[in-house]
>>> print(open('entry.pdb').read())   # PDB, C-alpha atoms, pLDDT in the B column
ATOM      1  CA  MET A   1      60.853 -18.904 -47.001  1.00 56.00           C
ATOM      2  CA  ASN A   2      59.534 -17.361 -43.763  1.00 57.00           C
ATOM      3  CA  ARG A   3      55.865 -17.212 -42.822  1.00 55.00           C
ATOM      4  CA  ALA A   4      55.454 -13.508 -43.631  1.00 53.00           C
ATOM      5  CA  THR A   5      56.880 -13.934 -47.125  1.00 55.00           C
ATOM      6  CA  MET A   6      54.629 -16.930 -47.805  1.00 51.00           C
ATOM      7  CA  ILE A   7      51.521 -15.067 -46.663  1.00 49.00           C
ATOM      8  CA  THR A   8      52.466 -12.029 -48.757  1.00 52.00           C
ATOM      9  CA  LYS A   9      52.820 -14.193 -51.876  1.00 52.00           C
ATOM     10  CA  THR A  10      49.496 -15.879 -51.166  1.00 52.00           C
ATOM     11  CA  LEU A  11      47.858 -12.454 -50.880  1.00 46.00           C
ATOM     12  CA  HIS A  12      49.387 -11.424 -54.208  1.00 53.00           C
ATOM     13  CA  LEU A  13      48.033 -14.593 -55.850  1.00 47.00           C
ATOM     14  CA  LEU A  14      44.572 -13.924 -54.484  1.00 47.00           C
ATOM     15  CA  LEU A  15      44.640 -10.417 -55.917  1.00 47.00           C
ATOM     16  CA  CYS A  16      45.687 -11.701 -59.345  1.00 49.00           C
ATOM     17  CA  LEU A  17      43.002 -14.390 -59.395  1.00 46.00           C
ATOM     18  CA  SER A  18      40.293 -11.947 -58.358  1.00 49.00           C
ATOM     19  CA  LEU A  19      41.243  -9.445 -61.049  1.00 48.00           C
ATOM     20  CA  GLY A  20      41.371 -12.250 -63.610  1.00 49.00           C
ATOM     21  CA  PHE A  21      37.855 -13.423 -62.829  1.00 44.00           C
ATOM     22  CA  VAL A  22      36.537  -9.859 -62.950  1.00 43.00           C
ATOM     23  CA  SER A  23      38.118  -9.460 -66.381  1.00 44.00           C
ATOM     24  CA  VAL A  24      36.695 -12.731 -67.726  1.00 43.00           C
ATOM     25  CA  GLY A  25      33.244 -11.809 -66.486  1.00 45.00           C
ATOM     26  CA  GLY A  26      33.095  -8.953 -68.995  1.00 43.00           C
ATOM     27  CA  HIS A  27      33.888 -11.079 -72.054  1.00 41.00           C
ATOM     28  CA  ALA A  28      31.275 -12.498 -74.442  1.00 46.00           C
ATOM     29  CA  LEU A  29      31.193 -15.410 -76.834  1.00 53.00           C
ATOM     30  CA  ALA A  30      29.491 -15.193 -80.231  1.00 67.00           C
ATOM     31  CA  ASP A  31      27.336 -18.170 -81.212  1.00 92.00           C
ATOM     32  CA  THR A  32      26.498 -18.676 -84.881  1.00 95.00           C
ATOM     33  CA  ILE A  33      23.822 -20.819 -86.537  1.00 97.00           C
ATOM     34  CA  ASN A  34      23.129 -21.527 -90.179  1.00 98.00           C
ATOM     35  CA  VAL A  35      20.119 -20.131 -92.033  1.00 98.00           C
ATOM     36  CA  GLY A  36      21.011 -21.630 -95.421  1.00 98.00           C
ATOM     37  CA  PHE A  37      23.558 -21.134 -98.157  1.00 97.00           C
ATOM     38  CA  ILE A  38      24.106 -19.516-101.530  1.00 96.00           C
ATOM     39  CA  SER A  39      25.777 -21.525-104.279  1.00 94.00           C
ATOM     40  CA  PHE A  40      27.117 -21.001-107.769  1.00 91.00           C
ATOM     41  CA  ASP A  41      25.723 -24.019-109.605  1.00 85.00           C
ATOM     42  CA  GLY A  42      27.127 -23.510-113.044  1.00 71.00           C
ATOM     43  CA  PHE A  43      26.909 -21.350-116.111  1.00 71.00           C
ATOM     44  CA  ILE A  44      26.311 -21.350-119.861  1.00 76.00           C
ATOM     45  CA  PRO A  45      29.290 -19.706-121.578  1.00 72.00           C
ATOM     46  CA  GLY A  46      28.547 -16.615-123.594  1.00 70.00           C
ATOM     47  CA  SER A  47      28.851 -16.614-127.372  1.00 73.00           C
ATOM     48  CA  SER A  48      29.046 -13.977-130.056  1.00 74.00           C
ATOM     49  CA  GLY A  49      26.101 -11.609-129.568  1.00 71.00           C
ATOM     50  CA  SER A  50      24.721 -13.626-126.620  1.00 71.00           C
ATOM     51  CA  PRO A  51      25.634 -13.128-122.958  1.00 68.00           C
ATOM     52  CA  GLY A  52      26.343 -16.043-120.697  1.00 72.00           C
ATOM     53  CA  VAL A  53      23.904 -17.311-118.102  1.00 77.00           C
ATOM     54  CA  ASN A  54      25.165 -17.547-114.526  1.00 78.00           C
ATOM     55  CA  GLU A  55      23.051 -19.660-112.199  1.00 87.00           C
ATOM     56  CA  PHE A  56      22.948 -19.064-108.449  1.00 90.00           C
ATOM     57  CA  SER A  57      20.827 -20.945-105.916  1.00 92.00           C
ATOM     58  CA  ILE A  58      19.739 -19.329-102.664  1.00 95.00           C
ATOM     59  CA  ASN A  59      18.765 -21.952-100.106  1.00 96.00           C
ATOM     60  CA  ASN A  60      16.699 -20.828 -97.119  1.00 97.00           C
ATOM     61  CA  PHE A  61      16.674 -23.896 -94.870  1.00 98.00           C
ATOM     62  CA  THR A  62      14.374 -22.706 -92.079  1.00 98.00           C
ATOM     63  CA  GLY A  63      10.952 -23.755 -90.789  1.00 98.00           C
ATOM     64  CA  ASP A  64       9.785 -26.866 -88.955  1.00 98.00           C
ATOM     65  CA  PRO A  65       9.911 -29.698 -91.533  1.00 97.00           C
ATOM     66  CA  GLY A  66       6.931 -31.314 -89.806  1.00 97.00           C
ATOM     67  CA  LEU A  67       4.902 -28.247 -90.775  1.00 97.00           C
ATOM     68  CA  GLY A  68       6.200 -27.985 -94.318  1.00 97.00           C
ATOM     69  CA  GLY A  69       9.404 -26.114 -93.525  1.00 97.00           C
ATOM     70  CA  SER A  70      12.884 -26.673 -94.914  1.00 97.00           C
ATOM     71  CA  ALA A  71      15.045 -26.942 -91.758  1.00 98.00           C
ATOM     72  CA  LEU A  72      17.672 -29.706 -91.830  1.00 97.00           C
ATOM     73  CA  PRO A  73      18.867 -30.365 -88.265  1.00 97.00           C
ATOM     74  CA  ALA A  74      21.555 -30.378 -87.057  1.00 94.00           C
ATOM     75  CA  ASP A  75      23.302 -28.312 -89.748  1.00 97.00           C
ATOM     76  CA  PHE A  76      20.315 -26.016 -90.321  1.00 98.00           C
ATOM     77  CA  PRO A  77      18.358 -26.171 -87.030  1.00 98.00           C
ATOM     78  CA  ILE A  78      16.028 -23.125 -87.238  1.00 98.00           C
ATOM     79  CA  PHE A  79      12.390 -24.249 -86.871  1.00 98.00           C
ATOM     80  CA  THR A  80      11.044 -20.685 -87.137  1.00 98.00           C
ATOM     81  CA  PHE A  81       9.845 -19.869 -90.654  1.00 98.00           C
ATOM     82  CA  LEU A  82      12.151 -17.075 -91.769  1.00 98.00           C
ATOM     83  CA  THR A  83      11.832 -14.774 -94.760  1.00 98.00           C
ATOM     84  CA  ILE A  84      14.947 -13.057 -96.091  1.00 98.00           C
ATOM     85  CA  GLN A  85      13.446  -9.668 -96.834  1.00 98.00           C
ATOM     86  CA  GLY A  86      14.622  -7.317 -99.571  1.00 97.00           C
ATOM     87  CA  ALA A  87      17.204  -9.829-100.748  1.00 96.00           C
ATOM     88  CA  GLN A  88      19.818  -8.602-103.199  1.00 96.00           C
ATOM     89  CA  LEU A  89      22.623 -10.444-104.933  1.00 94.00           C
ATOM     90  CA  THR A  90      25.703  -8.404-105.801  1.00 95.00           C
ATOM     91  CA  VAL A  91      27.817 -10.098-108.461  1.00 92.00           C
ATOM     92  CA  VAL A  92      31.392  -8.851-108.808  1.00 93.00           C
ATOM     93  CA  GLU A  93      33.092  -9.184-112.208  1.00 91.00           C
ATOM     94  CA  PRO A  94      36.425  -7.857-113.487  1.00 91.00           C
ATOM     95  CA  SER A  95      34.594  -5.031-115.253  1.00 89.00           C
ATOM     96  CA  GLY A  96      32.562  -3.977-112.205  1.00 92.00           C
ATOM     97  CA  HIS A  97      29.532  -5.298-110.365  1.00 92.00           C
ATOM     98  CA  GLU A  98      25.838  -5.950-110.941  1.00 90.00           C
ATOM     99  CA  VAL A  99      23.091  -5.870-108.318  1.00 92.00           C
ATOM    100  CA  PHE A 100      20.078  -8.150-108.733  1.00 91.00           C
ATOM    101  CA  ALA A 101      16.931  -7.575-106.652  1.00 93.00           C
ATOM    102  CA  LEU A 102      15.519 -10.933-105.548  1.00 92.00           C
ATOM    103  CA  GLY A 103      12.644  -9.701-103.379  1.00 94.00           C
ATOM    104  CA  ASP A 104      11.575 -11.662-100.299  1.00 97.00           C
ATOM    105  CA  LEU A 105      12.895 -15.222-100.066  1.00 96.00           C
ATOM    106  CA  THR A 106      10.731 -17.654 -98.083  1.00 97.00           C
ATOM    107  CA  PRO A 107      11.920 -21.096 -96.889  1.00 97.00           C
ATOM    108  CA  GLY A 108      13.039 -23.343 -99.710  1.00 96.00           C
ATOM    109  CA  THR A 109      15.399 -23.028-102.657  1.00 93.00           C
ATOM    110  CA  VAL A 110      15.299 -20.230-105.212  1.00 89.00           C
ATOM    111  CA  THR A 111      17.299 -20.532-108.427  1.00 83.00           C
ATOM    112  CA  SER A 112      18.146 -17.303-110.205  1.00 72.00           C
ATOM    113  CA  ASP A 113      19.353 -17.275-113.786  1.00 65.00           C
ATOM    114  CA  LEU A 114      21.270 -14.017-113.876  1.00 65.00           C
ATOM    115  CA  PHE A 115      22.091 -12.740-117.326  1.00 60.00           C
ATOM    116  CA  THR A 116      25.428 -11.011-117.594  1.00 59.00           C
ATOM    117  CA  ALA A 117      27.923 -10.270-120.338  1.00 57.00           C
ATOM    118  CA  SER A 118      30.675 -12.059-118.439  1.00 63.00           C
ATOM    119  CA  THR A 119      30.953 -15.566-117.064  1.00 70.00           C
ATOM    120  CA  ASP A 120      34.097 -14.605-115.123  1.00 85.00           C
ATOM    121  CA  ILE A 121      32.763 -13.892-111.631  1.00 90.00           C
ATOM    122  CA  LEU A 122      35.048 -12.917-108.770  1.00 94.00           C
ATOM    123  CA  SER A 123      32.478 -13.213-105.960  1.00 96.00           C
ATOM    124  CA  ALA A 124      28.792 -12.885-105.177  1.00 94.00           C
ATOM    125  CA  THR A 125      27.197 -11.500-102.006  1.00 97.00           C
ATOM    126  CA  LEU A 126      23.644 -12.032-100.789  1.00 96.00           C
ATOM    127  CA  SER A 127      22.302  -9.296 -98.502  1.00 98.00           C
ATOM    128  CA  GLY A 128      18.972  -8.661 -96.802  1.00 98.00           C
ATOM    129  CA  THR A 129      17.255  -8.882 -93.424  1.00 98.00           C
ATOM    130  CA  ILE A 130      15.585 -11.805 -91.684  1.00 98.00           C
ATOM    131  CA  SER A 131      11.928 -11.422 -90.704  1.00 98.00           C
ATOM    132  CA  GLN A 132      12.386 -12.430 -87.030  1.00 97.00           C
ATOM    133  CA  THR A 133      15.184 -12.259 -84.477  1.00 96.00           C
ATOM    134  CA  SER A 134      13.829 -14.695 -81.863  1.00 96.00           C
ATOM    135  CA  LEU A 135      14.324 -18.138 -83.354  1.00 97.00           C
ATOM    136  CA  ALA A 136      13.016 -21.524 -82.223  1.00 97.00           C
ATOM    137  CA  LEU A 137      15.608 -24.265 -82.719  1.00 97.00           C
ATOM    138  CA  SER A 138      15.201 -27.993 -83.328  1.00 97.00           C
ATOM    139  CA  ASP A 139      16.447 -28.827 -79.803  1.00 96.00           C
ATOM    140  CA  GLY A 140      13.636 -26.811 -78.200  1.00 96.00           C
ATOM    141  CA  THR A 141      15.787 -23.801 -77.258  1.00 96.00           C
ATOM    142  CA  THR A 142      15.410 -20.193 -78.397  1.00 96.00           C
ATOM    143  CA  PHE A 143      18.161 -18.279 -80.172  1.00 96.00           C
ATOM    144  CA  THR A 144      18.048 -14.468 -80.092  1.00 96.00           C
ATOM    145  CA  VAL A 145      19.777 -12.846 -83.048  1.00 96.00           C
ATOM    146  CA  GLU A 146      21.938  -9.788 -82.423  1.00 94.00           C
ATOM    147  CA  SER A 147      21.337  -8.233 -85.877  1.00 94.00           C
ATOM    148  CA  ALA A 148      18.647  -8.999 -88.458  1.00 96.00           C
ATOM    149  CA  SER A 149      20.975  -8.045 -91.316  1.00 97.00           C
ATOM    150  CA  ILE A 150      22.676 -10.805 -93.251  1.00 96.00           C
ATOM    151  CA  ASP A 151      25.585 -10.846 -95.683  1.00 96.00           C
ATOM    152  CA  ALA A 152      26.713 -14.108 -97.240  1.00 97.00           C
ATOM    153  CA  THR A 153      29.496 -14.168 -99.805  1.00 97.00           C
ATOM    154  CA  VAL A 154      30.586 -16.856-102.239  1.00 96.00           C
ATOM    155  CA  PHE A 155      34.345 -16.740-102.828  1.00 97.00           C
ATOM    156  CA  PRO A 156      36.202 -18.792-105.440  1.00 96.00           C
ATOM    157  CA  SER A 157      37.653 -22.077-104.243  1.00 96.00           C
ATOM    158  CA  SER A 158      40.174 -21.800-107.067  1.00 94.00           C
ATOM    159  CA  PRO A 159      40.898 -18.075-107.531  1.00 95.00           C
ATOM    160  CA  PRO A 160      40.394 -15.822-109.273  1.00 95.00           C
ATOM    161  CA  PHE A 161      36.948 -16.871-110.604  1.00 93.00           C
ATOM    162  CA  LEU A 162      34.016 -18.824-109.199  1.00 92.00           C
ATOM    163  CA  SER A 163      33.667 -22.446-110.209  1.00 89.00           C
ATOM    164  CA  PRO A 164      30.526 -24.612-110.161  1.00 86.00           C
ATOM    165  CA  THR A 165      29.650 -25.832-106.616  1.00 89.00           C
ATOM    166  CA  ASP A 166      31.353 -22.847-104.922  1.00 94.00           C
ATOM    167  CA  ASN A 167      29.141 -21.747-102.040  1.00 96.00           C
ATOM    168  CA  GLY A 168      28.868 -19.576 -98.943  1.00 97.00           C
ATOM    169  CA  LEU A 169      26.881 -20.081 -95.735  1.00 98.00           C
ATOM    170  CA  ILE A 170      24.097 -17.716 -94.696  1.00 98.00           C
ATOM    171  CA  THR A 171      24.449 -17.329 -90.925  1.00 97.00           C
ATOM    172  CA  VAL A 172      23.173 -15.275 -87.995  1.00 97.00           C
ATOM    173  CA  SER A 173      24.803 -14.753 -84.611  1.00 95.00           C
ATOM    174  CA  ASN A 174      24.053 -13.656 -81.084  1.00 89.00           C
ATOM    175  CA  THR A 175      26.101 -12.601 -78.053  1.00 66.00           C
ATOM    176  CA  ALA A 176      26.214 -15.136 -75.246  1.00 46.00           C
ATOM    177  CA  VAL A 177      27.642 -13.949 -71.910  1.00 44.00           C
ATOM    178  CA  THR A 178      30.195 -16.323 -70.437  1.00 42.00           C
ATOM    179  CA  ALA A 179      28.801 -18.146 -67.408  1.00 46.00           C
ATOM    180  CA  VAL A 180      31.134 -17.048 -64.588  1.00 47.00           C
ATOM    181  CA  PRO A 181      30.456 -15.679 -61.092  1.00 48.00           C
ATOM    182  CA  GLU A 182      29.548 -12.024 -60.869  1.00 51.00           C
ATOM    183  CA  PRO A 183      32.559  -9.726 -60.259  1.00 51.00           C
ATOM    184  CA  ALA A 184      30.850  -8.521 -57.074  1.00 50.00           C
ATOM    185  CA  THR A 185      31.192 -12.032 -55.602  1.00 52.00           C
ATOM    186  CA  TRP A 186      34.964 -12.000 -55.971  1.00 46.00           C
ATOM    187  CA  CYS A 187      35.235  -8.470 -54.628  1.00 50.00           C
ATOM    188  CA  LEU A 188      33.324  -9.497 -51.490  1.00 51.00           C
ATOM    189  CA  LEU A 189      35.573 -12.532 -51.059  1.00 50.00           C
ATOM    190  CA  LEU A 190      38.684 -10.409 -51.361  1.00 50.00           C
ATOM    191  CA  VAL A 191      37.387  -7.822 -48.884  1.00 49.00           C
ATOM    192  CA  GLY A 192      36.698 -10.612 -46.375  1.00 56.00           C
ATOM    193  CA  VAL A 193      40.139 -12.217 -46.732  1.00 51.00           C
ATOM    194  CA  LEU A 194      42.328  -9.102 -46.746  1.00 51.00           C
ATOM    195  CA  PRO A 195      42.014  -8.169 -43.012  1.00 55.00           C
ATOM    196  CA  PHE A 196      42.905 -11.720 -41.978  1.00 53.00           C
ATOM    197  CA  MET A 197      45.933 -11.830 -44.289  1.00 52.00           C
ATOM    198  CA  PHE A 198      47.282  -8.482 -43.093  1.00 47.00           C
ATOM    199  CA  LYS A 199      46.824  -9.570 -39.463  1.00 58.00           C
ATOM    200  CA  GLN A 200      48.825 -12.735 -40.105  1.00 54.00           C
ATOM    201  CA  ILE A 201      51.604 -10.787 -41.817  1.00 50.00           C
ATOM    202  CA  LYS A 202      51.800  -8.367 -38.862  1.00 55.00           C
ATOM    203  CA  LYS A 203      51.970 -11.214 -36.335  1.00 59.00           C
ATOM    204  CA  SER A 204      54.748 -12.941 -38.282  1.00 56.00           C
ATOM    205  CA  ARG A 205      57.088  -9.935 -38.212  1.00 56.00           C
TER
END
>>> encode(input="entry.pdb", output="structure tokens")
Amino acid sequence: MNRATMITKTLHLLLCLSLGFVSVGGHALADTINVGFISFDGFIPGSSGSPGVNEFSINNFTGDPGLGGSALPADFPIFTFLTIQGAQLTVVEPSGHEVFALGDLTPGTVTSDLFTASTDILSATLSGTISQTSLALSDGTTFTVESASIDATVFPSSPPFLSPTDNGLITVSNTAVTAVPEPATWCLLLVGVLPFMFKQIKKSR
């Protein structure tokens, strides 16, 4: 391989690397932390003339435990006291779905005995909004939530119907920018190297 060919290939590699770093700089990583979880704890089977009782627990594990909160680091590390506002539980059954208004859920565990004509439940979804989007964590850092809306669904571990102890996490997420050099840095580097590379190629011919 002659000198000109080697320099040309090096230039091509530099171009590829620069474009790659520019591309990576625009990507983002989503970080997720746990607020709590919703669980299907069990049920009382229905009988003739009496509907069954389906029991769900909504666990809001937030708030500094030293101040009376319910956070459980490291799995549930939010020290800010969060309220899940306008909480609703949508229970899906073979015959349709029911929506239960739960109101505002403060830190702790809320058990809801939901009366329904069917004990065969396909899934259950908790929806609502959290009261704050800037969250203090147990490690002293701050986590900024991208959206205050939450949706947590319990799916059956043994389809098609929910079984006792089936649960689903309540989570929130943000958008964390990948820590890489600014694209402008690589552009400046490329601009500085190009004249030298072309000069070397010209001299080698």
>>> closest_residue(input="entry.pdb", among="A:Thr125, A:Ser95, A:Thr80, A:Thr141", to="Asn167 of chain A", atoms="only C-alpha atoms")
A:Thr125
>>> residues_around(input="entry.pdb", residues="Gln132 of chain A", least_positions_apart="5", cutoff="10 Å", atoms="only C-alpha atoms", output="MDAnalysis selection string")
chainID A and resid 80:84 144:145 147:148
>>> closest_residue(input="entry.pdb", among="A:Pro164, A:Gly140, A:Pro156, A:Gly36", to="Ser70 of chain A", atoms="all atoms listed in the file")
A:Gly36
>>> atom_distance(input="entry.pdb", atom1="atom CA of Leu105 of chain A", atom2="atom CA of Ser157 of chain A")
26.0 Å
>>> resolve_selection(input="entry.pdb", expression="the PyMOL selection byres ((chain A and resi 39) around 8)", output="list in words")
Phe37, Ile38, Phe40, Asp41, Phe56, Ser57, Ile58, Val154, Thr165, Asp166, Asn167 and Gly168 of chain A
>>> residues_around(input="entry.pdb", residues="Glu98 of chain A", least_positions_apart="3", cutoff="9 Å", atoms="all atoms listed in the file", output="list in words")
Leu89, Thr90, Val91, Val92, Glu93 and Thr116 of chain A
>>> closest_residue(input="entry.pdb", among="A:Asp104, A:Asp151, A:Glu55, A:Glu146", to="Ser131 of chain A", atoms="all atoms listed in the file")
A:Asp104
